[in-house]
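As provided, structure.cif (mmCIF, C-alpha atoms) reads as follows.
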```cif
data_work
#
loop_
_atom_site.label_atom_id
_atom_site.label_comp_id
_atom_site.auth_asym_id
_atom_site.auth_seq_id
_atom_site.Cartn_x
_atom_site.Cartn_y
_atom_site.Cartn_z
CA MET D 1326 0.00 0.00 0.00
CA PRO D 1327 1.51 3.36 -0.99
CA GLU D 1328 2.55 5.76 1.77
CA SER D 1329 0.44 8.90 2.13
CA PRO D 1330 2.42 12.07 1.48
CA GLN D 1331 3.51 13.98 4.58
CA PRO D 1332 2.30 17.59 4.92
CA GLN D 1333 5.82 18.90 4.27
CA ASP D 1334 5.94 16.86 1.04
CA THR D 1335 2.64 18.34 -0.06
CA ARG D 1336 3.89 21.88 0.65
CA ARG D 1337 7.10 21.20 -1.24
CA ARG D 1338 5.17 19.78 -4.16
CA ARG D 1339 2.85 22.78 -4.30
CA ALA D 1340 5.74 25.22 -4.06
CA PHE D 1341 7.56 23.39 -6.84
CA GLU D 1342 4.56 23.34 -9.16
CA LYS D 1343 3.92 27.03 -8.55
CA GLU D 1344 7.48 27.86 -9.56
CA ALA D 1345 8.01 25.32 -12.30
CA LEU D 1346 4.84 24.72 -14.27
CA PRO D 1347 4.62 28.27 -15.74
CA HIS D 1348 7.88 27.50 -17.61
CA MET D 1349 6.59 24.39 -19.33
CA GLN D 1350 5.82 26.03 -22.68
CA ASP D 1351 9.29 27.64 -22.91
CA LEU D 1352 11.03 24.43 -21.87
CA TYR D 1353 8.98 22.38 -24.32
CA PHE D 1354 9.84 24.77 -27.15
CA ALA D 1355 13.54 24.51 -26.32
CA ALA D 1356 13.28 20.73 -26.00
CA LEU D 1357 11.71 20.56 -29.47
CA ARG D 1358 14.60 22.58 -30.88
CA LEU D 1359 17.14 20.36 -29.15
CA SER D 1360 15.54 16.95 -29.63
CA ARG D 1361 13.98 17.70 -33.03
CA ASN D 1362 10.94 15.51 -32.40
CA ALA D 1363 7.92 15.74 -30.12
CA LYS D 1364 8.34 12.41 -28.33
CA ASP D 1365 11.93 13.04 -27.30
CA ALA D 1366 11.04 16.62 -26.39
CA GLU D 1367 8.29 15.44 -24.04
CA ASP D 1368 10.65 12.91 -22.48
CA LEU D 1369 13.27 15.60 -22.00
CA VAL D 1370 10.85 18.02 -20.36
CA GLN D 1371 9.44 15.32 -18.09
CA GLU D 1372 12.93 14.25 -17.00
CA THR D 1373 13.86 17.89 -16.42
CA TYR D 1374 10.88 18.40 -14.13
CA LEU D 1375 11.58 15.22 -12.24
CA LYS D 1376 15.24 16.15 -11.67
CA ALA D 1377 14.29 19.70 -10.73
CA PHE D 1378 11.75 18.37 -8.22
CA ARG D 1379 14.27 16.01 -6.68
CA SER D 1380 16.76 18.81 -6.17
CA PHE D 1381 14.23 21.55 -5.42
CA GLY D 1382 15.67 21.78 -1.91
CA ARG D 1383 18.87 23.20 -3.42
CA TRP D 1384 17.11 26.08 -5.06
CA ARG D 1385 17.01 29.18 -2.89
CA ALA D 1386 13.77 31.15 -2.93
CA GLY D 1387 14.31 34.60 -4.37
CA THR D 1388 17.01 33.51 -6.80
CA ASN D 1389 16.45 32.99 -10.51
CA PHE D 1390 14.33 29.85 -10.74
CA ARG D 1391 13.97 30.20 -14.52
CA ALA D 1392 17.74 30.08 -15.07
CA TRP D 1393 18.00 27.23 -12.55
CA ILE D 1394 15.49 24.98 -14.30
CA TRP D 1395 16.94 25.86 -17.71
CA ARG D 1396 20.32 24.68 -16.51
CA ILE D 1397 18.73 21.38 -15.51
CA LEU D 1398 17.11 21.10 -18.95
CA VAL D 1399 20.45 21.67 -20.71
CA ASN D 1400 22.31 19.22 -18.47
CA THR D 1401 19.60 16.61 -18.92
CA TRP D 1402 19.77 17.00 -22.68
CA VAL D 1403 23.56 16.62 -22.62
CA ASP D 1404 23.17 13.45 -20.53
CA VAL D 1405 20.62 12.04 -22.98
CA CYS D 1406 22.92 12.76 -25.93
CA ARG D 1407 25.84 11.08 -24.22
CA LYS D 1408 23.81 8.03 -23.22
CA ARG D 1409 22.53 7.52 -26.72
CA ALA D 1410 26.00 8.12 -28.15
CA ARG D 1411 24.55 10.28 -30.82
CA GLY D 1412 23.95 13.99 -31.25
CA PRO D 1413 26.57 16.44 -30.10
CA LYS D 1414 29.63 15.07 -28.35
CA SER D 1415 30.79 16.76 -25.19
CA ALA D 1416 33.60 18.50 -27.07
CA ASP D 1417 31.00 19.92 -29.44
CA LEU D 1418 29.03 21.26 -26.51
CA GLU D 1419 32.13 22.94 -25.20
CA GLY D 1420 32.39 24.90 -28.40
CA GLN D 1421 34.91 23.02 -30.49
CA GLY D 1422 34.74 23.68 -34.17
CA MET D 1423 34.00 27.38 -33.79
CA GLU D 1424 35.75 29.60 -36.22
CA PRO D 1425 38.42 31.64 -34.46
CA GLU D 1426 37.99 34.82 -36.46
CA ALA D 1427 34.96 36.70 -37.65
CA ARG D 1428 34.26 35.92 -41.27
CA GLN D 1429 33.38 38.59 -43.73
CA GLU D 1430 29.66 39.24 -43.96
CA ALA D 1431 28.09 38.40 -47.29
CA PRO D 1432 27.81 41.89 -48.76
CA SER D 1433 24.47 41.17 -50.37
CA LEU D 1434 22.63 40.95 -47.06
CA LEU D 1435 24.31 44.03 -45.67
CA GLU D 1436 23.14 45.90 -48.71
CA ASN D 1437 19.62 44.41 -48.51
CA PRO D 1438 18.77 44.39 -44.82
CA GLY D 1439 15.05 44.34 -45.63
CA ALA D 1440 15.50 40.81 -47.01
CA LEU D 1441 15.00 39.48 -43.51
CA ASP D 1442 11.42 40.73 -43.66
CA ALA D 1443 10.75 38.04 -46.27
CA CYS D 1444 11.60 35.32 -43.76
CA VAL D 1445 8.76 33.58 -41.94
CA GLY D 1446 8.67 31.60 -38.73
CA ASP D 1447 9.42 28.29 -40.48
CA ASP D 1448 12.54 29.83 -42.03
CA VAL D 1449 13.75 30.87 -38.60
CA LEU D 1450 13.12 27.39 -37.16
CA ARG D 1451 14.86 25.74 -40.11
CA ALA D 1452 17.83 28.05 -39.70
CA LEU D 1453 17.92 27.37 -35.95
CA HIS D 1454 18.05 23.63 -36.60
CA ALA D 1455 20.86 24.13 -39.10
CA LEU D 1456 23.10 25.67 -36.44
CA PRO D 1457 25.58 23.51 -34.53
CA ALA D 1458 24.14 22.61 -31.13
CA PRO D 1459 26.25 25.04 -29.05
CA GLN D 1460 25.28 27.97 -31.27
CA ARG D 1461 21.63 26.90 -31.38
CA LEU D 1462 21.48 26.80 -27.61
CA VAL D 1463 23.06 30.18 -27.07
CA LEU D 1464 20.84 31.75 -29.72
CA LEU D 1465 17.75 30.23 -28.12
CA LEU D 1466 18.76 31.57 -24.74
CA ALA D 1467 19.71 35.05 -25.95
CA ASP D 1468 17.29 35.77 -28.78
CA VAL D 1469 14.23 33.71 -27.96
CA GLU D 1470 14.33 33.58 -24.17
CA GLU D 1471 16.09 36.93 -23.76
CA PHE D 1472 18.35 35.81 -20.95
CA ARG D 1473 21.19 38.14 -19.91
CA TYR D 1474 24.67 36.96 -20.83
CA ARG D 1475 25.58 36.22 -17.21
CA ASP D 1476 22.58 33.90 -16.89
CA ILE D 1477 23.43 32.17 -20.17
CA ALA D 1478 26.95 31.61 -18.85
CA ARG D 1479 25.52 30.01 -15.71
CA ILE D 1480 23.01 27.87 -17.59
CA LEU D 1481 25.61 26.54 -20.01
CA GLY D 1482 28.45 26.47 -17.49
CA ILE D 1483 30.76 28.45 -19.74
CA PRO D 1484 32.58 31.80 -19.37
CA MET D 1485 30.91 35.04 -20.51
CA GLY D 1486 33.53 35.45 -23.23
CA THR D 1487 32.51 32.09 -24.69
CA VAL D 1488 28.85 33.12 -24.58
CA MET D 1489 29.67 36.26 -26.57
CA SER D 1490 31.84 34.44 -29.08
CA ARG D 1491 29.28 31.70 -29.59
CA LEU D 1492 26.44 34.19 -29.98
CA HIS D 1493 28.49 36.20 -32.47
CA HIS D 1494 29.02 33.14 -34.67
CA ALA D 1495 25.43 31.97 -34.24
CA ARG D 1496 23.96 35.28 -35.37
CA GLN D 1497 26.38 35.46 -38.27
CA LYS D 1498 25.33 31.99 -39.40
CA MET D 1499 21.65 32.88 -38.93
CA ARG D 1500 22.10 35.92 -41.14
CA GLU D 1501 23.66 33.82 -43.87
CA LEU D 1502 20.91 31.18 -43.66
CA LEU D 1503 18.05 33.67 -43.55
CA TRP D 1504 19.53 35.60 -46.45
CA ASP D 1505 19.73 32.37 -48.40
CA TYR D 1506 16.08 31.60 -47.64
CA ALA D 1507 15.07 35.12 -48.66
CA ARG D 1508 16.89 34.74 -51.97
CA ARG D 1509 15.19 31.40 -52.57
CA GLN D 1510 11.88 33.19 -52.13
CA GLY D 1511 12.87 35.61 -54.85
CA TYR D 1512 14.30 38.43 -52.76
CA GLY D 1513 17.20 40.13 -54.49
CA GLY D 1514 16.19 38.94 -57.95
CA GLU D 1515 17.34 35.37 -57.52
CA LYS D 1516 14.90 32.48 -57.40
CA LYS D 1517 16.20 28.99 -56.84
CA GLU D 1518 14.51 25.64 -57.33
CA ALA D 1519 12.11 24.62 -54.61
CA ARG D 1520 13.77 23.03 -51.59
CA MET J 76 39.48 49.12 -31.63
CA ASN J 77 39.52 47.90 -35.21
CA CYS J 78 36.53 46.80 -37.28
CA VAL J 79 36.89 43.10 -36.39
CA GLU J 80 36.84 43.94 -32.67
CA ILE J 81 33.91 46.30 -33.13
CA ARG J 82 31.90 43.64 -34.94
CA ARG J 83 32.65 41.14 -32.20
CA ALA J 84 31.31 43.67 -29.70
CA ALA J 85 28.24 44.49 -31.83
CA ASP J 86 26.12 41.75 -30.28
CA ALA J 87 26.83 42.94 -26.75
CA LEU J 88 26.02 46.49 -27.84
CA ILE J 89 22.62 45.66 -29.30
CA ASP J 90 21.80 43.42 -26.32
CA GLY J 91 22.54 46.23 -23.86
CA GLU J 92 25.43 44.25 -22.38
CA LEU J 93 28.10 46.90 -22.99
CA SER J 94 28.69 49.74 -20.60
CA GLY J 95 31.27 52.34 -19.64
CA ALA J 96 34.43 52.77 -21.67
CA GLY J 97 33.77 49.71 -23.84
CA LYS J 98 30.43 51.07 -24.96
CA LEU J 99 31.90 54.51 -25.63
CA ARG J 100 34.69 53.06 -27.76
CA VAL J 101 32.22 51.15 -29.92
CA GLU J 102 29.91 54.14 -30.27
CA GLU J 103 32.81 56.40 -31.25
CA HIS J 104 33.91 53.95 -33.94
CA LEU J 105 30.38 53.68 -35.30
CA LYS J 106 30.21 57.45 -35.77
CA TYR J 107 32.76 57.34 -38.57
CA CYS J 108 32.58 53.73 -39.87
CA ALA J 109 29.59 53.20 -42.14
CA GLN J 110 30.42 49.54 -42.76
CA CYS J 111 30.39 48.73 -39.06
CA ARG J 112 27.13 50.64 -38.68
CA GLN J 113 25.71 48.45 -41.43
CA TRP J 114 27.01 45.39 -39.60
CA VAL J 115 25.41 46.42 -36.32
CA ASP J 116 22.14 47.14 -38.09
CA SER J 117 22.26 43.71 -39.72
CA ALA J 118 22.96 42.01 -36.37
CA ARG J 119 20.04 43.84 -34.78
CA ARG J 120 17.69 42.94 -37.62
CA THR J 121 18.72 39.30 -37.41
CA ARG J 122 18.05 39.20 -33.67
CA ASP J 123 14.73 40.99 -34.08
CA THR J 124 13.69 38.68 -36.93
CA VAL J 125 14.28 35.64 -34.73
CA ARG J 126 12.48 37.26 -31.82
CA SER J 127 9.46 38.32 -33.80
CA ARG J 128 9.02 35.24 -35.99
CA VAL J 129 9.27 32.49 -33.39
CA VAL J 130 5.91 31.25 -32.15
CA LYS J 131 6.05 28.73 -29.35
CA PRO J 132 3.47 25.97 -29.64
CA GLU J 133 1.34 25.02 -26.68
CA PRO J 134 2.72 21.81 -25.20
CA PRO J 135 0.36 18.86 -25.58
CA GLY J 136 -2.06 18.53 -22.67
CA ARG J 137 -0.74 15.06 -21.88
CA LEU J 138 2.66 16.52 -21.02
CA GLU J 139 1.46 18.14 -17.81
CA THR J 140 -0.31 14.90 -16.89
CA ARG J 141 2.92 12.96 -17.51
CA ILE J 142 4.90 15.41 -15.40
CA ARG J 143 2.45 15.23 -12.50
CA ARG J 144 2.50 11.43 -12.60
CA ALA J 145 6.30 11.42 -12.67
CA LEU J 146 6.36 13.75 -9.67
CA ASP J 147 3.89 11.49 -7.84
CA ALA J 148 6.21 8.56 -8.39
CA GLY J 149 9.42 10.41 -7.66
CA ARG J 150 8.94 12.26 -4.43
CA PRO J 151 12.16 14.01 -3.41
CA PRO J 152 14.07 13.08 -0.28
CA ALA J 153 12.53 14.71 2.79
CA GLN J 154 15.56 16.97 3.32
CA GLY J 155 17.65 17.70 0.26
CA PRO J 156 21.12 19.25 0.55
CA ARG J 157 21.31 23.01 0.13
CA GLY J 158 23.98 24.53 -2.02
#
```

Structure re-expressed in structure tokens:
Amino acid sequence: MPESPQPQDTRRRRAFEKEALPHMQDLYFAALRLSRNAKDAEDLVQETYLKAFRSFGRWRAGTNFRAWIWRILVNTWVDVCRKRARGPKSADLEGQGMEPEARQEAPSLLENPGALDACVGDDVLRALHALPAPQRLVLLLADVEEFRYRDIARILGIPMGTVMSRLHHARQKMRELLWDYARRQGYGGEKKEAR
Amino acid sequence: MNCVEIRRAADALIDGELSGAGKLRVEEHLKYCAQCRQWVDSARRTRDTVRSRVVKPEPPGRLETRIRRALDAGRPPAQGPRG
């Protein structure tokens, strides 16, 4: 026969749900971007909530719960990737493979900044998925979730300088991809074959 | 600061993460460098495009049910460590 929950367990559970459940939509969106399919995304979010609940006693009221649970999501995803021996390797998550110097911007986009207006939500999602995992994560955190750099550094467990470098490369790559999509849609006088 | 350094700092500028002397140096450079201004504008437009185009779907209703069931089954230890 299952044990009945103690009053302190019930209070803890209520406090956790009050803090955590409002973030479910954001975490699910991120999980979809990381896992790339709904089933894995749901598993990732569920595991994140379970881990967060188990270590809820470590979270201090008044501190940034959102950043705290995001860190758990990211760590859980890294664990899943490692266990399945697919997806990004740990070295990839630490930012290997980044280009050391800023590349030259494609002049066409700089001269046609309005081209980005031609891009729709699906273009942005496709471009996000085309980014290497470390860049995708930092772009999600900075541009979609609007976290401050110091929070991104804490969530990813990397220095601020790495956050800035990664974001720089991610936005540069996004620009190139979105410009390419805009051109495919006929912006700039060039129309390519359907994808 | 040269143009490469300015462009590296452009993201922090548009995100409001630059302050003090660093911010002043970038702003001074942008006054006379049209190409870097174009770069900063492009970075801002890219960020704003991502921000404005992304629509987050509602999670499926079953997800909250799954989470609640998982929490029912995985009650935390009565006194977790604090850190």

**Chain and number of each residue from the PyMOL selection byres ((chain J) within 10 of (chain D)), as number ranges by chain** = J: 79-80, 82-87, 90-92, 110, 113-135, 137-158

**Prompt:** Separation of atom CA of Phe1390 of chain D and atom CA of Pro1347 of chain D, in Å?
**Reply:** 11.0 Å

**Expansion of the PyMOL selection byres ((chain D and resi 1476) around 12) into residues, as a list in words** =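 Against this file, the PyMOL selection byres ((chain D and resi 1476) around 12) returns the residues Thr1388, Asn1389, Phe1390, Arg1391, Ala1392, Trp1393, Ile1394, Trp1395, Arg1396, Val1463, Leu1466, Ala1467, Glu1470, Glu1471, Phe1472, Arg1473, Tyr1474, Arg1475, Ile1477, Ala1478, Arg1479, Ile1480, Leu1481, Gly1482, Ile1483, Pro1484, Met1485 and Val1488 of chain D.
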
Is it possible to add all heavy atoms to segment 99-110 of chain J and hand it back as a CSV table (one decimal), in the frame of the given file?
```
chain,number,residue,atom,x,y,z
J,99,LEU,N,31.5,53.2,-25.0
J,99,LEU,CA,31.9,54.5,-25.6
J,99,LEU,C,32.8,54.3,-26.8
J,99,LEU,O,32.7,54.9,-27.9
J,99,LEU,CB,32.6,55.4,-24.6
J,99,LEU,CG,31.7,56.2,-23.7
J,99,LEU,CD1,32.6,57.0,-22.7
J,99,LEU,CD2,30.9,57.2,-24.5
J,100,ARG,N,33.7,53.3,-26.7
J,100,ARG,CA,34.7,53.1,-27.8
J,100,ARG,C,33.9,52.6,-29.0
J,100,ARG,O,34.2,53.0,-30.1
J,100,ARG,CB,35.7,52.0,-27.3
J,100,ARG,CG,36.9,52.6,-26.5
J,100,ARG,CD,38.1,51.7,-26.5
J,100,ARG,NE,37.8,50.4,-25.8
J,100,ARG,CZ,38.0,50.3,-24.5
J,100,ARG,NH1,38.4,51.3,-23.8
J,100,ARG,NH2,37.7,49.2,-23.9
J,101,VAL,N,33.0,51.7,-28.8
J,101,VAL,CA,32.2,51.2,-29.9
J,101,VAL,C,31.4,52.3,-30.6
J,101,VAL,O,31.4,52.4,-31.8
J,101,VAL,CB,31.3,50.0,-29.5
J,101,VAL,CG1,30.4,49.5,-30.6
J,101,VAL,CG2,32.1,48.8,-29.0
J,102,GLU,N,30.8,53.1,-29.7
J,102,GLU,CA,29.9,54.1,-30.3
J,102,GLU,C,30.7,55.2,-31.0
J,102,GLU,O,30.3,55.7,-32.1
J,102,GLU,CB,29.1,54.8,-29.1
J,102,GLU,CG,28.0,53.9,-28.6
J,102,GLU,CD,27.3,54.5,-27.4
J,102,GLU,OE1,27.9,55.4,-26.7
J,102,GLU,OE2,26.2,54.0,-27.1
J,103,GLU,N,31.9,55.5,-30.5
J,103,GLU,CA,32.8,56.4,-31.2
J,103,GLU,C,33.2,55.8,-32.6
J,103,GLU,O,33.1,56.6,-33.6
J,103,GLU,CB,34.1,56.6,-30.4
J,103,GLU,CG,34.0,57.7,-29.3
J,103,GLU,CD,33.5,59.0,-29.9
J,103,GLU,OE1,34.2,59.5,-30.8
J,103,GLU,OE2,32.5,59.6,-29.4
J,104,HIS,N,33.5,54.6,-32.7
J,104,HIS,CA,33.9,54.0,-33.9
J,104,HIS,C,32.7,54.0,-34.9
J,104,HIS,O,32.9,54.3,-36.1
J,104,HIS,CB,34.3,52.5,-33.7
J,104,HIS,CG,34.8,51.8,-34.9
J,104,HIS,ND1,36.1,51.6,-35.3
J,104,HIS,CD2,34.0,51.2,-35.9
J,104,HIS,CE1,36.1,50.9,-36.4
J,104,HIS,NE2,34.9,50.6,-36.8
J,105,LEU,N,31.5,53.7,-34.4
J,105,LEU,CA,30.4,53.7,-35.3
J,105,LEU,C,30.0,55.1,-35.9
J,105,LEU,O,29.4,55.1,-37.0
J,105,LEU,CB,29.2,53.1,-34.5
J,105,LEU,CG,29.3,51.7,-34.1
J,105,LEU,CD1,28.0,51.2,-33.3
J,105,LEU,CD2,29.4,50.7,-35.3
J,106,LYS,N,30.5,56.1,-35.2
J,106,LYS,CA,30.2,57.4,-35.8
J,106,LYS,C,30.9,57.7,-37.1
J,106,LYS,O,30.3,58.4,-38.0
J,106,LYS,CB,30.7,58.5,-34.8
J,106,LYS,CG,29.8,58.7,-33.6
J,106,LYS,CD,30.3,59.8,-32.7
J,106,LYS,CE,29.5,59.9,-31.4
J,106,LYS,NZ,30.2,60.8,-30.4
J,107,TYR,N,32.1,57.1,-37.3
J,107,TYR,CA,32.8,57.3,-38.6
J,107,TYR,C,32.9,56.1,-39.5
J,107,TYR,O,33.4,56.2,-40.6
J,107,TYR,CB,34.1,58.0,-38.3
J,107,TYR,CG,35.1,57.0,-37.6
J,107,TYR,CD1,35.8,56.1,-38.3
J,107,TYR,CD2,35.3,57.2,-36.2
J,107,TYR,CE1,36.7,55.2,-37.7
J,107,TYR,CE2,36.2,56.3,-35.6
J,107,TYR,CZ,36.9,55.3,-36.3
J,107,TYR,OH,37.7,54.5,-35.7
J,108,CYS,N,32.4,54.9,-39.0
J,108,CYS,CA,32.6,53.7,-39.9
J,108,CYS,C,31.2,53.2,-40.4
J,108,CYS,O,30.5,52.6,-39.6
J,108,CYS,CB,33.3,52.6,-39.1
J,108,CYS,SG,33.6,51.2,-40.1
J,109,ALA,N,30.9,53.6,-41.6
J,109,ALA,CA,29.6,53.2,-42.1
J,109,ALA,C,29.4,51.7,-42.3
J,109,ALA,O,28.3,51.1,-42.1
J,109,ALA,CB,29.4,53.9,-43.5
J,110,GLN,N,30.5,51.0,-42.6
J,110,GLN,CA,30.4,49.5,-42.8
J,110,GLN,C,30.1,48.8,-41.4
J,110,GLN,O,29.3,47.9,-41.4
J,110,GLN,CB,31.7,49.0,-43.3
J,110,GLN,CG,31.9,49.3,-44.8
J,110,GLN,CD,33.2,48.8,-45.4
J,110,GLN,OE1,34.2,48.8,-44.8
J,110,GLN,NE2,33.1,48.2,-46.6
```
